[in-house]
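Take a look at the structure set out below.
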Amino acid sequence: MRERFALIAMVSLAISSVPRPQAQEPRGKALYDKHCVECHGPSGRGDGPSAVFLVPRPRDFTTGKYKIRTTETGSVPTDDDLIASIQRGLYGTAMPGWDRILPANDIADVARYIKTMAPQFAQPPKPVAIGTGVPSSPDSIVRGERVYEKLQCGKCHGTDGRGTGAVTTTFEDEAKQPLRSADLTEPWTFHGGPTSRDIYLRFRTGMMGTPMPSFADAASDYEMWDLANYVVSLGRKPVWTMTSDEIAAFYAQQDAERKRDPVRRGQQLVETMGCAACHSAYDDQKRVMPGMYLAGGLRIRIEPYGEFPTANLTSDKETGLGNWSDDEIKRAITKGMRRNGTRLLPFPMDYASFSLLTPDDLDAIVKYLRTVPAVSKRVPVPRWTFLPLYLWGKFRMLILGNDPPSTFYPGNAGTKGASR
Ligand code: HEC
Ligand code: HEC
Ligand code: HEC
């Protein structure tokens, strides 16, 4: 009996010590299926169930294109690059850091697994020679500023790193998602990290899949390190480390900027208060349909009330706000009145909380909406639920305590013909 056990043990030991080259892969796959599919999708195409809600979209691992690399543009990242990104996460995006959740060997396994998804990894990575760097000093920063001008970083990042004087700061990435050039005064938003080495690598190697180019041969290595030191010097203190005096001064400065540029302020408000999210038509990938930005036509169904297509807010005179007076627009936003004086429902649009906007901010929104290019599109009037269904819905809400669902449909509910 004993011998038999010993034999079995020896045989199984022998089997397990046979080298199995793909041994990590099933483990990597299991880890991937457990932790990464939600966003990156079952086959790594960046199409997990949560993907359409995220900007930027999760990486499509089948393309072999990565933003955070120590390798030449066009090359795949090194294993260490992948591992570092997975450990740390990509700041300023939905990509979480896994170092507190997964042990190092799990991270290495899952990194190896995602490499199997792109044929590009058959070629070895081409690391760049990073050199020794240039320590930061006032002189290096002054030289770096000149490199910033020479390489025309300001075209996309502005002369001050915050977009001032830039040709444009709004772009699209390869997934056709809106993308802004980074605000170089807010280093905590840099996806690949805020150190001079991180920054040096980003502009030296480029961020593949985005308009952020590689500046590999555009300057000498010393110049590039000076530039990295200059970009670090642009970083401001984040509010969560400021004293109360510093915060007061910071907000006073922001207020002054808002007053100087109300259109930009209005645009920020329209984006952050959800006006654009509701008043634009989307496709089934939650991408704004071409030419439909702020042109309305998103169909919102709210049980048990009915269907509410969103209004056209562009400056079109017939179908948009072009012929509305400033006061009429403000009344719609803060009091929920249509132009003809009838009332909108208190939802979908939350005009009760919009009524708390300061007069300056309200002016800024109107000023910005006036600049939105006209799109001719009529949106149908809201359709109310048939009365018995409405009463049944109310009964469910009030007596049974069921929360009624609301649905946002993809597609464009507006047409040229229908009247509003
Ligand atoms: C909550 C959603 C989410 C989950 C879960 C998630 N990711 Fe990501 N991941 C993202 C997003 C979003 C990006 C793209 C960020 C960008 O483009 O700046 C990304 C990017 C990446 C990148 C690309 C880095 C580069 O250089 O471009 C890697 C590698 C990565 N994820 C690995 C993983 C792994 C491995 C897991 C599971 C352990 C995982 N992710 C889980 C959302 C997620
Ligand atoms: C053609 C436009 C363009 C030019 C020119 C450009 N950038 Fe960028 N830059 C971008 C965009 C777009 C992003 C955002 C990429 C993203 O979020 O994925 C970016 C991001 C960055 C980031 C953030 C990196 C990170 O980890 O998220 C830094 C730092 C940066 N750029 C520095 C520079 C410097 C320095 C120069 C000049 C050498 C430069 N950029 C030139 C468009 C540009
Ligand atoms: C949750 C979705 C949602 C959000 C967020 C939202 N709206 Fe609306 N808005 C609607 C809907 C739906 C209508 C049309 C309702 C109706 O006709 O009964 C509407 C109507 C309007 C109207 C009246 C237009 C007309 O032709 O009658 C204006 C003006 C307007 N919204 C501006 C804004 C502004 C500005 C913001 C941001 C501060 C905003 N909305 C945010 C959903 C939204």
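We name chains A, B, ... following the order of the structure tokens; residues begin at 1 in each chain, and ligands are numbered from 1 as shown.
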Could you write out, as a ChimeraX atom specification, all the residues of segment 45-122 of chain A that DSSP marks as helix (DSSP H, G or I)?
/A:51-53,79-88,104-115,119-122
If you run DSSP over the backbone, which residues in segment 184-357 of chain A end up strand (DSSP E or B)? Put them as a VMD selection string.
chain A and resid 282 288 299 to 302 306 to 309 337 343
Grab the residues selected above and save them as a tab-separated table (two decimals), in the first residue's frame with C-alpha atoms.
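The resulting out_35.tsv:
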chain	number	residue	atom	x	y	z
A	282	TYR	CA	-26.23	58.86	-29.57
A	288	VAL	CA	-22.61	61.31	-30.27
A	299	ARG	CA	-35.51	59.73	-26.63
A	300	ILE	CA	-35.93	59.35	-22.87
A	301	ARG	CA	-38.69	57.10	-21.56
A	302	ILE	CA	-39.70	57.65	-17.97
A	306	GLY	CA	-44.22	58.87	-21.10
A	307	GLU	CA	-41.53	59.63	-23.67
A	308	PHE	CA	-39.56	62.84	-23.72
A	309	PRO	CA	-37.30	63.51	-26.68
A	337	MET	CA	-41.13	76.72	-19.17
A	343	ARG	CA	-44.45	73.65	-18.35
With only C-alpha atoms as the counted atoms, please give the residues lying no more than 8 Å from Leu298 of chain A, apart from itself and same-chain residues fewer than 2 positions off, as a list in words.
Cys278, His279, Ser280, Ala281, Tyr282, Gly296, Ile300, Pro309, Thr310, Phe408, Tyr409, Pro410, Gly411, Asn412 and Ala413 of chain A
Dump as a tab-separated table (two decimals), in the first residue's frame, selection limited to C-alpha atoms:
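Wrote it out as again-v1.tsv, contents follow:
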chain	number	residue	atom	x	y	z
A	278	CYS	CA	-29.10	64.69	-22.62
A	279	HIS	CA	-29.48	67.09	-25.53
A	280	SER	CA	-27.45	65.08	-28.07
A	281	ALA	CA	-28.43	61.95	-30.04
A	282	TYR	CA	-26.23	58.86	-29.57
A	296	GLY	CA	-31.47	67.11	-29.28
A	300	ILE	CA	-35.93	59.35	-22.87
A	309	PRO	CA	-37.30	63.51	-26.68
A	310	THR	CA	-34.75	66.20	-25.80
A	408	PHE	CA	-32.38	56.32	-22.79
A	409	TYR	CA	-32.76	55.02	-26.33
A	410	PRO	CA	-29.99	55.17	-28.92
A	411	GLY	CA	-30.82	56.83	-32.21
A	412	ASN	CA	-32.24	60.15	-33.27
A	413	ALA	CA	-35.90	60.91	-32.53
Ligand 3 neighbours within 8 Å using only C-alpha atoms and all ligand atoms, as a PyMOL selection string:
chain A and resi 269-271+273-279+298-300+308-313+319-321+328-333+336-339+343-345+347-351+354+365-366+369+381-382+420
Residue contacts of Gly235 of chain A (9 Å, only C-alpha atoms) excluding same-chain residues fewer than 5 positions away, as a list in words
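Within the cut-off, the hits are Leu184, Thr185, Glu186, Pro187, Trp188 and Pro194 of chain A.
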Can you pull out every residue within 12 Å of Arg143 of chain A, counting only C-alpha atoms, but drop anything in the same chain fewer than 5 positions away, and send it as a PyMOL selection string?
chain A and resi 134+136-138+148-150+222-231
Polymer residues at most 12 Å from segment 34-43 of chain A, only C-alpha atoms, same-chain spacing of 3 or more positions, as number ranges by chain:
A: 27-31, 46-63, 86, 94-98, 101-102, 106-107, 110-111, 113-118
Write the residues of the preceding selection, restricted to C-alpha atoms, as a tab-separated table (two decimals), in the first residue's frame.
chain	number	residue	atom	x	y	z
A	27	ARG	CA	-4.07	31.19	-14.81
A	28	GLY	CA	-3.74	34.48	-16.64
A	29	LYS	CA	-6.98	33.79	-18.46
A	30	ALA	CA	-8.80	32.88	-15.27
A	31	LEU	CA	-7.61	36.11	-13.65
A	46	GLY	CA	-12.37	46.71	-25.22
A	47	ASP	CA	-16.07	45.89	-25.47
A	48	GLY	CA	-17.02	44.64	-22.00
A	49	PRO	CA	-20.50	45.43	-20.64
A	50	SER	CA	-19.28	48.62	-18.92
A	51	ALA	CA	-17.26	49.86	-21.88
A	52	VAL	CA	-19.87	52.11	-23.49
A	53	PHE	CA	-20.17	54.10	-20.28
A	54	LEU	CA	-16.46	54.95	-20.14
A	55	VAL	CA	-14.47	57.75	-21.73
A	56	PRO	CA	-11.77	56.97	-22.63
A	57	ARG	CA	-12.91	53.50	-23.64
A	58	PRO	CA	-11.08	50.47	-22.20
A	59	ARG	CA	-8.07	49.45	-24.30
A	60	ASP	CA	-8.66	47.10	-27.24
A	61	PHE	CA	-5.90	44.56	-26.60
A	62	THR	CA	-6.20	43.06	-30.09
A	63	THR	CA	-4.66	46.15	-31.71
A	86	ILE	CA	-1.72	47.21	-14.40
A	94	ALA	CA	-11.52	54.20	-15.24
A	95	MET	CA	-8.52	51.83	-15.36
A	96	PRO	CA	-7.99	50.88	-11.71
A	97	GLY	CA	-4.66	50.11	-10.05
A	98	TRP	CA	-4.46	46.43	-9.16
A	101	ILE	CA	-5.89	43.60	-5.12
A	102	LEU	CA	-3.66	41.15	-6.97
A	106	ASP	CA	-0.94	37.28	-10.69
A	107	ILE	CA	-0.31	40.63	-12.35
A	110	VAL	CA	-2.51	38.43	-16.56
A	111	ALA	CA	-0.04	40.71	-18.41
A	113	TYR	CA	-2.18	36.63	-21.10
A	114	ILE	CA	-3.20	39.95	-22.67
A	115	LYS	CA	-0.05	39.78	-24.84
A	116	THR	CA	-1.48	36.65	-26.49
A	117	MET	CA	-4.35	38.77	-27.82
A	118	ALA	CA	-2.32	40.81	-30.33
Nearest to Ala364 of chain A among A:Thr159, A:Gln267, A:Thr93, A:Gln120, with distances taken over only C-alpha atoms: which residue is it?
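Of all the options, A:Gln267 lies closest to Ala364 of chain A.
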Nearest to ligand 2 among A:Pro262, A:Pro359, A:Gly158, A:Pro238, with distances taken over only C-alpha atoms and all ligand atoms: which residue is it?
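Comparing A:Pro262, A:Pro359, A:Gly158, A:Pro238 against ligand 2, the winner is A:Gly158.
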Taking only C-alpha atoms and all ligand atoms into account, name the residue in A:Gly266, A:Gly192, A:Pro380, A:Gly291 that is nearest to ligand 2.
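Using only C-alpha atoms and all ligand atoms, ligand 2 sits closest to A:Gly192.
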Which of A:Leu387, A:Ala166, A:Met212, A:Ile83 sits closest to ligand 2 [using only C-alpha atoms and all ligand atoms]:
A:Met212
Give me, as a ChimeraX atom specification, all polymer residues having an atom no more than 10 Å from segment 203-206 of chain A, counting only C-alpha atoms and skipping those fewer than 4 positions away in the same chain.
/A:66-75,127-128,130,153,198-199,210-219,221,224-225,227-228
A:Ala104, A:Leu357, A:Cys156, A:Val147 ranked by distance to ligand 2, top pick (using only C-alpha atoms and all ligand atoms)
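Of A:Ala104, A:Leu357, A:Cys156, A:Val147, the one nearest ligand 2 is A:Cys156, counting only C-alpha atoms and all ligand atoms.
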Minimum-distance residue to ligand 1, chosen among A:Thr334, A:Thr342, A:Ser220, A:Ser85 (using only C-alpha atoms and all ligand atoms)
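Selected residue with least distance to ligand 1: A:Ser85.
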